[in-house]
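S.K.: Here it is: the structure, laid out below.
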Amino acid sequence: MRAPVAGRAISLDRVPDAVFAQAMVGPGAAIDPVRAPGVVLSPVSGILVKLKPHAFVVTATDGRGVLVHLGIDTVNLDGGGFVLLAEEGGPVLAGAPVVRWNPAAIEAAGLSPVCPVIALDADPASAAAIAASVALGPVSADDRLFTWA
Amino acid sequence: MPQRIVNVASRVGLHARPAAVFVKAASAAALPVTIAKEGKEPVSARSILAVLGLDVRGGEEVVLEADGDGAENVLEDLARLLTEDLEG
């Protein structure tokens with residue numbers, strides 16, 4: 001899985017939301033993004049099965065799904081500050097732009113812009129391997145973030 | 001098959017966090033449970049990908065179904081969970 005945004009890759013337990021932090025949504029990693037307007041990229045090639053302003057899900061060709069959540073509690077922004085750059089239901093390539101956003105504006109609104117990137121329905125054995133594979137520290141967009149074997 | 005029709009209380013619907021709480025409870029249940037929007041194909045309530053794919057909004061009705069021993073109790077517990085605001 002590639003990093004959808006540039007910033008610093010952190011482990012999920014540092015996400016300021018208990019449900020993400022306890023990996024209840026699934027295993028993965030999060031990115032504390034660079035505070036500048038930017039474009040969010042697809043972490044994997046596949047189908048953009050769900051596209052909301054604040055979150056999207058891509059299923060790879062083998063059917064495995066990845067959730068990218070743009071900030072915490074950002075559903076409450078009702079789409080404000082997000083511009084969709086792709087179409088729900090359509091194919092998307094790894095590294096292709098999906099949403100335009102501004103993490104600095106989200107932070108100015110009092111919310112965390114941290115982006116969890118989550119492997120959906122991963123079995124417990126893969127969950128441990130995913131957590132161990134996270135490339136922690138500074139990341140550029142489209143760098144490897146974690147591996148879901 | 002035993003079923004329950006529930007109005008989803010979480011204002012944002014069954015999105016990431018409320019969906020995760022629901023799927024965790026469904027995965028812990030003794031029987032497989034399906035969830036569907038009215039008139040649509042049911043999906044496994046144990047799959048976060050499938051539940052997110054339903055795109056259930058706050059205030060929408062969903063149909064929960066399970067079959068087998070204890071199905072009524074399993075459905076009752078999951079239905080009650082959906083009537084709570086899982087955002088909290």
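Following the order of the structure tokens, chains are lettered A, B, ..., residues in each are numbered from 1, and ligands are numbered from 1.
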Please check the contacts: residues of chain B at most 8 Å away from chain A, using only C-alpha atoms, listed as a ChimeraX atom specification.

M.R.: /B:12,16-17,19-21,24,47-49,52-53

S.K.: If you run DSSP on this backbone, which residues of segment 10-53 of chain A come out as alpha helix (DSSP H), and could you give them as number ranges by chain?

M.R.: A: 18-21

S.K.: Please return as a list in words: the residues of segment 104-133 of chain A that backbone DSSP assigns to strand (DSSP E).

M.R.: Cys115, Pro116, Val117, Ile118, Ala119 and Leu120 of chain A

S.K.: Pick out the residues sitting within 10 Å of segment 129-134 of chain A, and hand them over as a list of chain:residue names; count only C-alpha atoms, and ignore anything fewer than 3 positions along from it in its own chain.

M.R.: A:Met1, A:Ala9, A:Ile10, A:Ser11, A:Leu12, A:Ala23, A:Pro27, A:Gly28, A:Ala29, A:Ala30, A:Ile118, A:Ala119, A:Ala122, A:Pro124, A:Ala125, A:Ser126, A:Gly137, A:Arg144, A:Leu145, A:Phe146, A:Thr147, A:Trp148, A:Ala149
